[in-house]
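Comments concern the structure below.
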Amino acid sequence: LVVPGHGYAASKGPAAPKGPNLESDTATFPSSSAAHVGSARRAFLTAAPLLPLVTFATPALARLDPVNKPELLPSEKGQFVVSAGVPVLSPGQTKSISRTLERLEKTTGIRVRLLTQNYPVTPGLAIKDYFGLESKYCLLIADDFTGVRPTASNYINFSASDDISLELPPAFLGRISSAFGNSFYVKNNGKDAAVESAINAIDECLSSGMCANPGAGSSSFFNK
């Protein structure tokens with residue numbers, strides 16, 4: 001499953017993204033491709049350092065070179081949050097998010113993980129084995145790719161397995177990316193707030209079974 005960011009979406013073809021299989025090609029989709037998000041799944045780590053999931057991209061975005069840098073990963077196993085390069089979250093924020101993700105995995109069986117990076121400073125392919133991304137996972141990748149692009153892409157991106165599409169609908173992840181990852185939100189609130197808001201939306205959705213439409217008020221929900 002590939003979900004929005006203003007960059008690119010990993011997938012096998014330009015028409016229908018194929019989410020996080022971690023072994024596919026990358027294709028770009030215009031912002032109007034939100035409707036394609038539902039089928040987007042199956043690509044991400046190979047096409048780039050770690051490609052964003054769903055990304056409502058600009059047509060001009062070029063493919064990024066694959067990266068595999070396990071040396072950028074923590075020596076300690078079992079972390080829920082990995083930061084490559086300059087940290088975005090404070091130690092307190094990292095600890096709080098880690099507790100949330102640990103609780104979600106215990107209660108739902110879904111492995112939600114967070115990677116903050118600034119491509120090309122990224123563990124890339126190595127993150128798959130580190131986080132154990134095989135099934136029932138949702139990886140949030142926080143990166144606007146300003147390290148290789150003249151303008152920022154959507155800061156919040158996702159890669160998720162097909163088997164959680166009922167619990168975390170692709171369209172819902174796409175809305176999170178658009179609501180909290182856009183340049184205006186990030187500029188006004190900060191990258192750390194963007195990440196926290198995205199994690200909180202996922203937590204509320206999985207914990208309550210009701211996925212509120214990000215940015216549309218608590219009375220608007222996605223139908224699962």
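Residues are referred to by chain and number: the chain letter is A, B, ... according to the order shown in the structure tokens, the number counts from 1 in that chain, and ligands are numbered separately from 1 in the order shown.
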
With only C-alpha atoms as the counted atoms, please give the residues lying no more than 8 Å from Pro123 (chain A), apart from itself and same-chain residues fewer than 4 positions off, as an mmCIF file with N, CA, C and O atoms, in the first residue's frame.
data_model
loop_
_atom_site.group_PDB
_atom_site.id
_atom_site.type_symbol
_atom_site.label_atom_id
_atom_site.label_comp_id
_atom_site.auth_asym_id
_atom_site.auth_seq_id
_atom_site.Cartn_x
_atom_site.Cartn_y
_atom_site.Cartn_z
ATOM 1 N N PRO A 49 15.249 5.059 -0.921
ATOM 2 C CA PRO A 49 15.754 4.785 0.382
ATOM 3 C C PRO A 49 14.653 4.188 1.162
ATOM 4 O O PRO A 49 14.820 3.464 2.073
ATOM 5 N N LEU A 50 13.546 4.495 0.823
ATOM 6 C CA LEU A 50 12.476 4.101 1.639
ATOM 7 C C LEU A 50 11.376 4.943 1.146
ATOM 8 O O LEU A 50 11.198 6.027 1.562
ATOM 9 N N VAL A 67 18.783 2.796 -1.663
ATOM 10 C CA VAL A 67 19.768 2.970 -0.591
ATOM 11 C C VAL A 67 19.658 1.792 0.362
ATOM 12 O O VAL A 67 18.567 1.293 0.617
ATOM 13 N N ASN A 68 20.771 1.335 0.878
ATOM 14 C CA ASN A 68 20.768 0.270 1.879
ATOM 15 C C ASN A 68 21.911 0.546 2.850
ATOM 16 O O ASN A 68 23.057 0.210 2.596
ATOM 17 N N LYS A 69 21.585 1.204 3.960
ATOM 18 C CA LYS A 69 22.598 1.611 4.931
ATOM 19 C C LYS A 69 22.228 1.142 6.334
ATOM 20 O O LYS A 69 21.759 1.926 7.166
ATOM 21 N N PRO A 70 22.444 -0.126 6.616
ATOM 22 C CA PRO A 70 22.110 -0.641 7.947
ATOM 23 C C PRO A 70 22.903 0.036 9.061
ATOM 24 O O PRO A 70 22.486 0.007 10.224
ATOM 25 N N GLU A 71 24.024 0.659 8.700
ATOM 26 C CA GLU A 71 24.831 1.324 9.722
ATOM 27 C C GLU A 71 24.118 2.528 10.335
ATOM 28 O O GLU A 71 24.521 3.033 11.391
ATOM 29 N N LEU A 72 23.055 2.994 9.681
ATOM 30 C CA LEU A 72 22.303 4.122 10.225
ATOM 31 C C LEU A 72 21.218 3.684 11.205
ATOM 32 O O LEU A 72 20.531 4.514 11.794
ATOM 33 N N LEU A 73 21.076 2.388 11.377
ATOM 34 C CA LEU A 73 20.066 1.865 12.295
ATOM 35 C C LEU A 73 20.625 1.765 13.714
ATOM 36 O O LEU A 73 21.833 1.609 13.905
ATOM 37 N N ALA A 84 16.965 8.883 11.350
ATOM 38 C CA ALA A 84 18.197 8.914 10.565
ATOM 39 C C ALA A 84 18.532 10.377 10.291
ATOM 40 O O ALA A 84 17.715 11.114 9.757
ATOM 41 N N ILE A 127 15.687 -1.002 6.616
ATOM 42 C CA ILE A 127 14.645 -0.793 7.621
ATOM 43 C C ILE A 127 13.642 -1.943 7.619
ATOM 44 O O ILE A 127 12.996 -2.230 8.631
#

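For the atom pair formed by CA of Lys106 (chain A) and CA of Arg175 (chain A), the distance is 25.3 Å, given to one decimal.
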
Write out as JSON lines the residues of region 130-169 of chain A that have any atom within 12 Å of an atom of region 185-191 of chain A, one row each with the nearest atom pair and its distance in Å to one decimal, counting only C-alpha atoms, sorted by chain and then rising number.
{"residue": "A:Ile141", "atom": "CA", "partner": "A:Lys191", "partner_atom": "CA", "distance": 11.9}
{"residue": "A:Ala142", "atom": "CA", "partner": "A:Lys191", "partner_atom": "CA", "distance": 8.3}
{"residue": "A:Asp143", "atom": "CA", "partner": "A:Lys191", "partner_atom": "CA", "distance": 9.2}
{"residue": "A:Asp144", "atom": "CA", "partner": "A:Lys191", "partner_atom": "CA", "distance": 9.8}
{"residue": "A:Ala152", "atom": "CA", "partner": "A:Val186", "partner_atom": "CA", "distance": 10.5}
{"residue": "A:Ser153", "atom": "CA", "partner": "A:Val186", "partner_atom": "CA", "distance": 11.0}
{"residue": "A:Asn154", "atom": "CA", "partner": "A:Val186", "partner_atom": "CA", "distance": 9.2}
{"residue": "A:Tyr155", "atom": "CA", "partner": "A:Val186", "partner_atom": "CA", "distance": 7.7}
{"residue": "A:Ile156", "atom": "CA", "partner": "A:Lys191", "partner_atom": "CA", "distance": 9.2}

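All residues within region 64-177 of chain A that the backbone DSSP calculation assigns to strand (DSSP E or B) are Asn68, Val81, Val82, Ser83, Arg111, Val112, Arg113, Leu114, Leu115, Thr116, Asn118, Val121, Gly124, Tyr137, Cys138, Leu139, Leu140, Ile141, Ala142, Ile156, Asn157, Phe158, Ser159 and Ala160 of chain A.
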
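Across A:Pro66, A:Gly124, A:Gly132, A:Pro170, the tightest approach to Phe80 (chain A) is made by A:Gly132 when counting only C-alpha atoms.
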
Tell me which protein, DNA and RNA residues are within 10 Å of Ile164 (chain A), counting only C-alpha atoms, leaving out same-chain ones fewer than 3 positions away, and put them as a ChimeraX atom specification. /A:1,109-111,135-138,160-161,167-170

File of the preceding selection, N, CA, C and O atoms, as a PDB file, in the first residue's frame:
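Final output, saved to again-v5.pdb:
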ATOM      1  N   LEU A   1       0.851  -1.193   0.000  1.00  0.00           N
ATOM      2  CA  LEU A   1       0.000   0.000   0.000  1.00  0.00           C
ATOM      3  C   LEU A   1       0.870   1.219   0.000  1.00  0.00           C
ATOM      4  O   LEU A   1       1.802   1.290   0.727  1.00  0.00           O
ATOM      5  N   GLY A 109      -2.394  -6.167  17.076  1.00  0.00           N
ATOM      6  CA  GLY A 109      -1.578  -7.066  16.265  1.00  0.00           C
ATOM      7  C   GLY A 109      -0.954  -6.373  15.062  1.00  0.00           C
ATOM      8  O   GLY A 109      -0.241  -7.000  14.272  1.00  0.00           O
ATOM      9  N   ILE A 110      -1.213  -5.079  14.919  1.00  0.00           N
ATOM     10  CA  ILE A 110      -0.660  -4.321  13.786  1.00  0.00           C
ATOM     11  C   ILE A 110       0.634  -3.631  14.214  1.00  0.00           C
ATOM     12  O   ILE A 110       0.683  -2.952  15.237  1.00  0.00           O
ATOM     13  N   ARG A 111       1.649  -3.821  13.423  1.00  0.00           N
ATOM     14  CA  ARG A 111       2.963  -3.254  13.712  1.00  0.00           C
ATOM     15  C   ARG A 111       3.088  -1.875  13.070  1.00  0.00           C
ATOM     16  O   ARG A 111       3.389  -1.740  11.890  1.00  0.00           O
ATOM     17  N   SER A 135       4.205  -8.594   7.413  1.00  0.00           N
ATOM     18  CA  SER A 135       2.743  -8.576   7.303  1.00  0.00           C
ATOM     19  C   SER A 135       2.167  -7.749   8.449  1.00  0.00           C
ATOM     20  O   SER A 135       2.833  -7.505   9.457  1.00  0.00           O
ATOM     21  N   LYS A 136       0.940  -7.279   8.273  1.00  0.00           N
ATOM     22  CA  LYS A 136       0.241  -6.475   9.274  1.00  0.00           C
ATOM     23  C   LYS A 136       1.112  -5.338   9.795  1.00  0.00           C
ATOM     24  O   LYS A 136       1.367  -5.226  10.990  1.00  0.00           O
ATOM     25  N   TYR A 137       1.548  -4.507   8.893  1.00  0.00           N
ATOM     26  CA  TYR A 137       2.373  -3.371   9.315  1.00  0.00           C
ATOM     27  C   TYR A 137       1.956  -2.082   8.632  1.00  0.00           C
ATOM     28  O   TYR A 137       1.347  -2.075   7.552  1.00  0.00           O
ATOM     29  N   CYS A 138       2.275  -0.989   9.289  1.00  0.00           N
ATOM     30  CA  CYS A 138       2.088   0.347   8.733  1.00  0.00           C
ATOM     31  C   CYS A 138       3.312   1.159   9.122  1.00  0.00           C
ATOM     32  O   CYS A 138       3.571   1.372  10.316  1.00  0.00           O
ATOM     33  N   ALA A 160       2.206   0.445   3.855  1.00  0.00           N
ATOM     34  CA  ALA A 160       1.411  -0.470   4.675  1.00  0.00           C
ATOM     35  C   ALA A 160       1.112  -1.748   3.927  1.00  0.00           C
ATOM     36  O   ALA A 160       1.017  -1.753   2.702  1.00  0.00           O
ATOM     37  N   SER A 161       0.980  -2.832   4.656  1.00  0.00           N
ATOM     38  CA  SER A 161       0.702  -4.125   4.031  1.00  0.00           C
ATOM     39  C   SER A 161      -0.773  -4.233   3.661  1.00  0.00           C
ATOM     40  O   SER A 161      -1.641  -3.592   4.263  1.00  0.00           O
ATOM     41  N   GLU A 167      -8.556  -2.293   8.669  1.00  0.00           N
ATOM     42  CA  GLU A 167      -8.320  -1.557   9.911  1.00  0.00           C
ATOM     43  C   GLU A 167      -7.840  -0.128   9.646  1.00  0.00           C
ATOM     44  O   GLU A 167      -8.251   0.809  10.318  1.00  0.00           O
ATOM     45  N   LEU A 168      -6.941   0.018   8.677  1.00  0.00           N
ATOM     46  CA  LEU A 168      -6.427   1.337   8.296  1.00  0.00           C
ATOM     47  C   LEU A 168      -6.628   1.500   6.787  1.00  0.00           C
ATOM     48  O   LEU A 168      -5.739   1.194   6.004  1.00  0.00           O
ATOM     49  N   PRO A 169      -7.794   1.953   6.378  1.00  0.00           N
ATOM     50  CA  PRO A 169      -8.081   2.106   4.953  1.00  0.00           C
ATOM     51  C   PRO A 169      -7.049   2.985   4.258  1.00  0.00           C
ATOM     52  O   PRO A 169      -6.630   4.006   4.820  1.00  0.00           O
ATOM     53  N   PRO A 170      -6.611   2.616   3.069  1.00  0.00           N
ATOM     54  CA  PRO A 170      -5.646   3.421   2.329  1.00  0.00           C
ATOM     55  C   PRO A 170      -6.085   4.877   2.171  1.00  0.00           C
ATOM     56  O   PRO A 170      -5.268   5.800   2.272  1.00  0.00           O
TER      57      PRO A 170
END

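Compared by their closest atoms to Val88 (chain A), and using only C-alpha atoms, the residues A:Asn182, A:Thr116, A:Thr151, A:Asn213 rank with A:Thr116 nearest.
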
If you measure from CA of Ser98 (chain A) to CA of Gly147 (chain A), what distance in Å do you get, rounded to one decimal? 26.5 Å

Closest of A:Thr146, A:Thr100, A:Gln117, A:Thr122 to Ser207 (chain A) - atom-to-atom distances counting only C-alpha atoms: A:Thr100

All alpha helix (DSSP H) residues (DSSP, backbone) inside region 59-206 of chain A, as an NGL selection string: :A and (91-108 or 126-131 or 170-181 or 183-189 or 191-206)
